[in-house]
Each structure stands twice: as structure tokens, then as C-alpha cells.
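Data from query.cif: mmCIF, C-alpha atoms
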```
data_structure
loop_
_atom_site.label_atom_id
_atom_site.label_comp_id
_atom_site.auth_asym_id
_atom_site.auth_seq_id
_atom_site.Cartn_x
_atom_site.Cartn_y
_atom_site.Cartn_z
CA MET A 265 -23.63 -17.51 -32.83
CA ILE A 266 -20.54 -16.28 -30.94
CA THR A 267 -17.28 -17.38 -32.52
CA HIS A 268 -14.15 -18.40 -30.64
CA THR A 269 -12.39 -15.24 -31.86
CA GLU A 270 -15.17 -13.00 -30.54
CA THR A 271 -15.05 -14.75 -27.16
CA ALA A 272 -11.28 -14.26 -26.96
CA GLU A 273 -11.65 -10.57 -27.78
CA ARG A 274 -14.22 -10.09 -25.03
CA THR A 275 -12.08 -11.85 -22.42
CA GLU A 276 -8.73 -10.35 -23.43
CA MET A 277 -6.64 -9.67 -20.34
CA PRO A 278 -4.83 -6.37 -19.76
CA VAL A 279 -1.19 -6.45 -20.80
CA GLN A 280 1.24 -7.31 -18.01
CA THR A 281 5.01 -7.24 -17.92
CA THR A 282 7.37 -9.27 -15.74
CA VAL A 283 9.82 -7.47 -13.45
CA PHE A 284 12.23 -8.65 -10.77
CA GLU A 285 11.59 -6.46 -7.74
CA SER A 286 11.17 -6.42 -3.95
CA GLY A 287 8.05 -6.04 -1.86
CA ASN A 288 8.86 -2.42 -1.01
CA GLU A 289 9.35 -1.63 -4.68
CA MET A 290 6.00 -3.22 -5.48
CA ALA A 291 4.21 -1.25 -2.76
CA ALA A 292 5.63 1.93 -4.29
CA MET A 293 4.72 0.80 -7.81
CA ALA A 294 1.12 0.12 -6.87
CA ALA A 295 0.86 3.48 -5.09
CA ALA A 296 2.30 5.28 -8.11
CA GLN A 297 -0.07 3.57 -10.52
CA ILE A 298 -3.04 4.42 -8.30
CA ASN A 299 -1.64 7.97 -7.99
CA TYR A 300 -2.72 8.77 -4.44
CA HIS A 301 -3.16 12.39 -3.43
CA ILE A 302 -1.12 12.35 -0.21
CA MET A 303 1.52 10.29 1.56
CA GLY A 304 2.38 11.49 5.05
CA TYR A 305 5.38 9.51 6.21
CA PHE A 306 8.32 9.15 8.56
CA PRO A 307 11.19 6.73 7.86
CA ILE A 308 11.72 3.57 9.87
CA THR A 309 13.45 0.31 8.94
CA PRO A 310 12.40 -1.74 6.98
CA SER A 311 9.61 0.38 5.42
CA THR A 312 11.74 3.47 4.64
CA GLU A 313 12.40 2.39 1.05
CA ILE A 314 8.77 2.80 0.02
CA ALA A 315 8.86 6.59 0.36
CA GLN A 316 12.35 6.66 -1.15
CA TYR A 317 11.21 4.78 -4.24
CA LEU A 318 8.18 7.04 -4.58
CA ASP A 319 10.38 10.11 -4.30
CA VAL A 320 12.59 8.88 -7.14
CA MET A 321 9.56 7.93 -9.23
CA ARG A 322 8.10 11.38 -8.75
CA THR A 323 11.25 12.97 -10.21
CA ARG A 324 10.66 10.82 -13.31
CA GLY A 325 7.08 12.02 -13.60
CA GLU A 326 5.56 8.64 -12.78
CA HIS A 327 3.04 9.97 -10.26
CA ASP A 328 1.70 13.15 -8.66
CA ILE A 329 1.58 12.01 -5.04
CA LYS A 330 2.34 14.80 -2.57
CA LEU A 331 4.96 13.34 -0.22
CA ILE A 332 4.81 15.07 3.17
CA PRO A 333 7.61 14.23 5.64
CA ALA A 334 6.36 14.41 9.23
CA ASP A 335 8.22 15.00 12.49
CA GLY A 336 7.43 11.45 13.57
CA GLU A 337 5.01 8.63 12.93
CA HIS A 338 2.37 10.20 15.16
CA GLY A 339 2.54 13.27 12.96
CA SER A 340 2.40 11.21 9.78
CA ALA A 341 -0.76 9.50 11.01
CA GLY A 342 -2.29 12.91 11.72
CA ILE A 343 -1.41 14.14 8.23
CA CYS A 344 -3.00 11.08 6.70
CA TYR A 345 -6.13 11.22 8.84
CA GLY A 346 -6.66 14.92 8.16
CA ALA A 347 -6.18 14.42 4.43
CA ALA A 348 -8.57 11.45 4.39
CA ALA A 349 -11.18 13.50 6.27
CA ALA A 350 -10.84 16.17 3.58
CA GLY A 351 -11.58 13.60 0.88
CA ALA A 352 -8.07 12.79 -0.33
CA ARG A 353 -6.82 9.36 -1.23
CA VAL A 354 -4.12 8.65 1.32
CA PHE A 355 -1.19 6.25 1.57
CA ASN A 356 1.34 5.52 4.32
CA ALA A 357 4.00 3.00 5.34
CA THR A 358 5.61 2.17 8.67
CA SER A 359 7.05 -0.56 10.89
CA ALA A 360 7.55 -1.64 14.50
CA ASN A 361 7.88 1.22 17.00
CA GLY A 362 6.70 3.70 14.40
CA PHE A 363 3.43 1.79 14.15
CA LEU A 364 3.08 1.88 17.94
CA TYR A 365 3.80 5.61 17.98
CA MET A 366 0.86 6.30 15.68
CA ILE A 367 -1.46 3.65 17.08
CA GLU A 368 -3.68 5.90 19.23
CA GLN A 369 -4.97 7.53 16.06
CA LEU A 370 -5.79 4.32 14.23
CA PRO A 371 -9.02 3.39 16.09
CA VAL A 372 -10.23 6.96 15.58
CA GLN A 373 -9.76 6.75 11.83
CA ALA A 374 -11.48 3.37 11.69
CA GLY A 375 -14.28 4.56 13.96
CA THR A 376 -14.99 7.60 11.80
CA ARG A 377 -14.77 5.39 8.67
CA PHE A 378 -12.26 7.31 6.60
CA PRO A 379 -10.50 4.95 4.17
CA MET A 380 -6.78 4.88 3.48
CA VAL A 381 -4.10 2.27 2.78
CA MET A 382 -1.05 1.70 4.97
CA ASN A 383 1.76 -0.76 4.36
CA LEU A 384 2.99 -2.31 7.60
CA VAL A 385 6.39 -3.85 6.92
CA THR A 386 6.49 -6.10 9.95
CA ARG A 387 9.41 -6.14 12.35
CA ALA A 388 10.18 -6.80 15.99
CA VAL A 389 9.27 -3.99 18.36
CA SER A 390 12.59 -2.69 19.67
CA GLY A 391 13.31 -3.43 23.28
CA PRO A 392 15.90 -1.88 23.48
CA LEU A 393 17.00 -2.60 19.89
CA ASP A 394 15.73 -5.38 17.68
CA ILE A 395 15.07 -5.11 13.96
CA ARG A 396 14.59 -8.79 13.20
CA GLY A 397 11.54 -9.72 11.22
CA ASP A 398 8.50 -10.90 13.16
CA HIS A 399 4.88 -9.88 13.67
CA SER A 400 5.13 -8.13 17.05
CA ASP A 401 3.97 -4.84 15.55
CA LEU A 402 1.11 -6.39 13.59
CA TYR A 403 -0.36 -7.95 16.73
CA TYR A 404 -0.84 -4.47 18.20
CA GLY A 405 -3.02 -3.57 15.23
CA LEU A 406 -5.52 -6.40 15.57
CA ASN A 407 -7.96 -4.38 17.70
CA THR A 408 -7.72 -1.04 15.89
CA GLY A 409 -10.67 -1.68 13.59
CA TRP A 410 -8.56 -1.64 10.42
CA VAL A 411 -8.96 -4.29 7.75
CA ILE A 412 -5.71 -6.29 7.57
CA LEU A 413 -4.43 -8.04 4.44
CA THR A 414 -1.26 -10.14 4.68
CA ALA A 415 1.04 -10.59 1.71
CA ARG A 416 3.59 -13.40 1.46
CA SER A 417 5.44 -12.30 -1.69
CA PRO A 418 6.24 -9.16 -3.71
CA GLN A 419 3.52 -10.23 -6.16
CA ALA A 420 0.99 -10.32 -3.34
CA VAL A 421 2.21 -6.94 -2.08
CA TYR A 422 1.50 -5.42 -5.51
CA ASP A 423 -1.86 -7.13 -5.92
CA MET A 424 -3.08 -6.46 -2.39
CA ASN A 425 -2.12 -2.79 -2.49
CA ILE A 426 -4.40 -2.39 -5.48
CA ILE A 427 -7.16 -4.49 -3.93
CA ALA A 428 -6.82 -2.66 -0.59
CA LEU A 429 -7.97 0.68 -1.93
CA ARG A 430 -10.96 -0.88 -3.68
CA VAL A 431 -11.91 -2.57 -0.40
CA ALA A 432 -11.33 0.54 1.72
CA GLU A 433 -13.53 2.76 -0.43
CA HIS A 434 -16.32 0.24 -1.00
CA SER A 435 -19.63 1.63 0.21
CA ASP A 436 -20.21 -1.45 2.40
CA VAL A 437 -16.79 -1.14 4.04
CA ARG A 438 -15.46 2.45 4.31
CA LEU A 439 -12.55 1.45 6.54
CA PRO A 440 -8.77 1.98 6.41
CA VAL A 441 -6.77 -1.05 5.31
CA ILE A 442 -3.34 -2.37 6.33
CA VAL A 443 -1.27 -4.41 3.89
CA ALA A 444 1.21 -6.31 6.08
CA TYR A 445 4.25 -8.22 4.89
CA ASP A 446 7.47 -9.55 6.40
CA GLY A 447 10.29 -7.10 6.88
CA PHE A 448 13.54 -7.94 5.08
CA PHE A 449 12.26 -11.22 3.65
CA THR A 450 9.38 -9.91 1.53
CA SER A 451 10.29 -6.24 1.74
CA HIS A 452 13.86 -6.50 0.42
CA GLN A 453 14.28 -9.83 -1.36
CA LYS A 454 13.60 -9.56 -5.08
CA ARG A 455 11.21 -11.91 -6.81
CA ARG A 456 9.57 -12.20 -10.20
CA VAL A 457 6.41 -10.08 -10.32
CA GLN A 458 3.84 -9.40 -13.00
CA ILE A 459 2.62 -5.80 -13.10
CA PHE A 460 0.19 -3.97 -15.36
CA GLU A 461 1.95 -2.06 -18.12
CA GLU A 462 -0.71 0.66 -18.23
CA ARG A 463 -1.61 2.40 -15.00
CA ASP A 464 -5.03 3.20 -16.48
CA VAL A 465 -5.87 -0.48 -15.92
CA VAL A 466 -5.20 -0.05 -12.21
CA ARG A 467 -7.13 3.20 -12.02
CA ALA A 468 -10.09 1.63 -13.81
CA PHE A 469 -10.13 -1.12 -11.18
CA VAL A 470 -9.98 1.19 -8.15
CA ARG A 471 -12.42 3.60 -9.85
CA GLU A 472 -12.85 7.29 -9.21
CA ALA A 473 -12.48 8.37 -5.60
CA PRO A 474 -15.91 8.55 -3.92
CA GLU A 475 -17.01 11.79 -2.35
CA ALA A 476 -16.19 12.10 1.34
#
```
Can you turn what I pasted into C-alpha cells?
Amino acid sequence: MITHTETAERTEMPVQTTVFESGNEMAAMAAAQINYHIMGYFPITPSTEIAQYLDVMRTRGEHDIKLIPADGEHGSAGICYGAAAAGARVFNATSANGFLYMIEQLPVQAGTRFPMVMNLVTRAVSGPLDIRGDHSDLYYGLNTGWVILTARSPQAVYDMNIIALRVAEHSDVRLPVIVAYDGFFTSHQKRRVQIFEERDVVRAFVREAPEA
């Protein structure tokens, strides 16, 4: 006979802690806990903070991600695609015109089925200059072959960034994944978020990286 105590022990949840952070901070936190191999990136509002947070976190020894600044978003996409083809776990973040600049490479990566995770912090496509939040950039990605997850809160940004890698590397999927969320609203406004205290919990969920 299984006692109530034994049942509770078997179903004990991993320890979580509550923080008050933004969507960009949560994207960086999830990436750090996963501990990707490579992030090729180029700054563009409102996604720039993600690489900045990761850079600061690296100085504190919170992850080992190799942050590679590119000469533009097209270059960052090439860095990420090449690294993914070599078997690395790859992460990126961009917005608006930066997303359009890299877009010719996105169907190629999906078509050759190399997984990665990219945060698309949505924003108007400048014409000539517009940084207001909307989904103009995301619409351009609908036919690239990438899986798209949309997050409405910093909590969802954290959760979906962890889920995204598990989906991308699943043997029945093997596709790159976009985690999209609203620029300035979700990306910069702070909300209460529950995160895992131990990054080993996150790594156990995403599992070991499969062989390329």
C-alpha cells in the first residue's frame, strides 16, 4: 500500500523561486540555464538587452555560452547556422529590420533541419523609422518553415525558451524554433516570474544535445 507521504515524495516538484524581471531578462535566464554553446548576435532594439544580460551573466560565471558579435544580422544568422550544422546548441535574438536582414537564411536552416532557438522581440519594420511594438516582423517569418511559439508574459518567455529547445531537438521535429513576444511591453516591463533555482532541472528537461 502506497502512503500519502510516499506519493508526495514521488511527485515533489523542483524548487522554484519568484523574481520580478522583464521578458528580455527571462530569455537570457533561460539561455544561461540551458547553457547553449554559441550565440551569434547583432544588436537591434528592443532585443539588444538579451545579449547584454548574457554578457553580464557570463562575467559572473553563470554560463559558458560563447557570445560572437557579428557585422550584421545576416552575419549572425550565418554564424548560428554554421554552428548548428557543426552540432552546437545555438541561440539568437533579433527584431524588425534585423529579422528581415537575416531572413533569406531562415528557410535554408529549416529545410536542412538544423535546430536552434531564436527570440524575436517583435517590433514595427522601420519605414523610414518606426520602433513601435507590433507584429510586422513576425508576419515575414510565417513561411520560413520555423516553428513559432508566442509568449504573452515574461513567465511565458522563460517557459517557452526552455520548451523551444526540447521541441527543436525532438527526433520527430528537428526544426529551428522562434519564441516571439511583444517588444517593449513584454520585453521591458517587469512582472513576477517563477524560475527554477537549480539549472540542472532545466538541463534535465532539455536533455543532452543529440548528435548532429
Test item: residues at most 6 Å from range 318-334 of chain A, only C-alpha atoms, excluding those fewer than 2 positions along its chain, as a PDB file with C-alpha atoms, in the coordinates of the input:
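This went into part_19.pdb:
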```pdb
ATOM      1  CA  ALA A 292       5.630   1.930  -4.290  1.00  0.00           C
ATOM      2  CA  ALA A 296       2.300   5.280  -8.110  1.00  0.00           C
ATOM      3  CA  ASN A 299      -1.640   7.970  -7.990  1.00  0.00           C
ATOM      4  CA  TYR A 300      -2.720   8.770  -4.440  1.00  0.00           C
ATOM      5  CA  HIS A 301      -3.160  12.390  -3.430  1.00  0.00           C
ATOM      6  CA  ILE A 302      -1.120  12.350  -0.210  1.00  0.00           C
ATOM      7  CA  MET A 303       1.520  10.290   1.560  1.00  0.00           C
ATOM      8  CA  GLY A 304       2.380  11.490   5.050  1.00  0.00           C
ATOM      9  CA  TYR A 305       5.380   9.510   6.210  1.00  0.00           C
ATOM     10  CA  PHE A 306       8.320   9.150   8.560  1.00  0.00           C
ATOM     11  CA  ALA A 315       8.860   6.590   0.360  1.00  0.00           C
ATOM     12  CA  GLN A 316      12.350   6.660  -1.150  1.00  0.00           C
ATOM     13  CA  GLY A 336       7.430  11.450  13.570  1.00  0.00           C
ATOM     14  CA  GLY A 339       2.540  13.270  12.960  1.00  0.00           C
ATOM     15  CA  SER A 340       2.400  11.210   9.780  1.00  0.00           C
TER      16      SER A 340
END
```
So that I can see what lies close to Arg353 in chain A, please list as a compact mmCIF listing (two decimals) with C-alpha atoms, keeping the file's coordinate frame the residues with an atom at most 12 Å from it, counting only C-alpha atoms and leaving out residues fewer than 6 positions away in the same chain.
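After the write, part_4.txt holds the following:
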```
# COMPACT_ATOMS: atom_id res chain seq x y z
CA ALA A 295 0.86 3.48 -5.09
CA ILE A 298 -3.04 4.42 -8.30
CA ASN A 299 -1.64 7.97 -7.99
CA TYR A 300 -2.72 8.77 -4.44
CA HIS A 301 -3.16 12.39 -3.43
CA ILE A 302 -1.12 12.35 -0.21
CA MET A 303 1.52 10.29 1.56
CA GLY A 304 2.38 11.49 5.05
CA ASP A 328 1.70 13.15 -8.66
CA ILE A 329 1.58 12.01 -5.04
CA LYS A 330 2.34 14.80 -2.57
CA ILE A 343 -1.41 14.14 8.23
CA CYS A 344 -3.00 11.08 6.70
CA TYR A 345 -6.13 11.22 8.84
CA GLY A 346 -6.66 14.92 8.16
CA ALA A 347 -6.18 14.42 4.43
CA PHE A 378 -12.26 7.31 6.60
CA PRO A 379 -10.50 4.95 4.17
CA MET A 380 -6.78 4.88 3.48
CA VAL A 381 -4.10 2.27 2.78
CA MET A 382 -1.05 1.70 4.97
CA LEU A 429 -7.97 0.68 -1.93
CA ARG A 430 -10.96 -0.88 -3.68
CA ALA A 432 -11.33 0.54 1.72
CA GLU A 433 -13.53 2.76 -0.43
CA PRO A 440 -8.77 1.98 6.41
CA VAL A 470 -9.98 1.19 -8.15
CA ARG A 471 -12.42 3.60 -9.85
CA GLU A 472 -12.85 7.29 -9.21
CA ALA A 473 -12.48 8.37 -5.60
CA PRO A 474 -15.91 8.55 -3.92
CA GLU A 475 -17.01 11.79 -2.35
CA ALA A 476 -16.19 12.10 1.34
```
Task: Residue with smallest distance to Ser400 in chain A - pool A:Ala294, A:Leu384, A:Ala349, A:Ala468, counting only C-alpha atoms - done: A:Leu384
- [ ] Name the closest residue to Asp423 in chain A among the candidates A:Glu462, A:Val457, A:Ile308, A:Val385; distances are taken between atoms, counting all atoms listed in the file.
- [x] A:Val457
Task: Distance in Å - CA of Val437 in chain A versus CA of Trp410 in chain A - done: 10.4 Å
- [ ] Specify as a ChimeraX atom specification each residue included when the PyMOL selection byres ((chain A and resi 445-453) around 10) is applied to this file.
- [x] /A:284-291,309-311,313-314,359-360,383-388,395-399,402,413-421,442-444,454-455
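In this model, the gap between CA of Ser390 in chain A and CA of Glu337 in chain A comes to 15.2 Å.
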Task: Selection under test: the PyMOL selection byres ((chain A and resi 461) around 8); residues as a list of chain:residue names - done: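 Applied to this file, the PyMOL selection byres ((chain A and resi 461) around 8) returns A:Val279, A:Gln280, A:Thr281, A:Ile459, A:Phe460, A:Glu462, A:Arg463.
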Task: Pick from A:Arg377, A:Val372, A:Asp401, A:Met293, whichever lies nearest to Ser435 in chain A using only C-alpha atoms - done: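 Ranking A:Arg377, A:Val372, A:Asp401, A:Met293 by distance to Ser435 in chain A, first place goes to A:Arg377.
In this model, the gap between CA of Glu276 in chain A and CA of Tyr422 in chain A comes to 21.2 Å.
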Task: Residue nearest Ile426 in chain A among A:Ala357, A:Pro307, A:Gln297, A:Gly391 (counting all atoms listed in the file) - done: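 Closest to Ile426 in chain A, using all atoms listed in the file: A:Gln297.
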Give as a compact mmCIF listing (two decimals) with C-alpha atoms, keeping the file's coordinate frame every residue, naming chains and numbers as the document does, that has an atom within 6 Å of (-10.7, 2.0, 12.9), counting all atoms listed in the file.
```txt
# COMPACT_ATOMS: atom_id res chain seq x y z
CA LEU A 370 -5.79 4.32 14.23
CA PRO A 371 -9.02 3.39 16.09
CA VAL A 372 -10.23 6.96 15.58
CA GLN A 373 -9.76 6.75 11.83
CA ALA A 374 -11.48 3.37 11.69
CA GLY A 375 -14.28 4.56 13.96
CA THR A 408 -7.72 -1.04 15.89
CA GLY A 409 -10.67 -1.68 13.59
CA TRP A 410 -8.56 -1.64 10.42
```
Task: Distance criterion (only C-alpha atoms): nearest to Thr376 in chain A out of A:Thr312, A:Val466, A:Arg438, A:Arg456 - done: A:Arg438
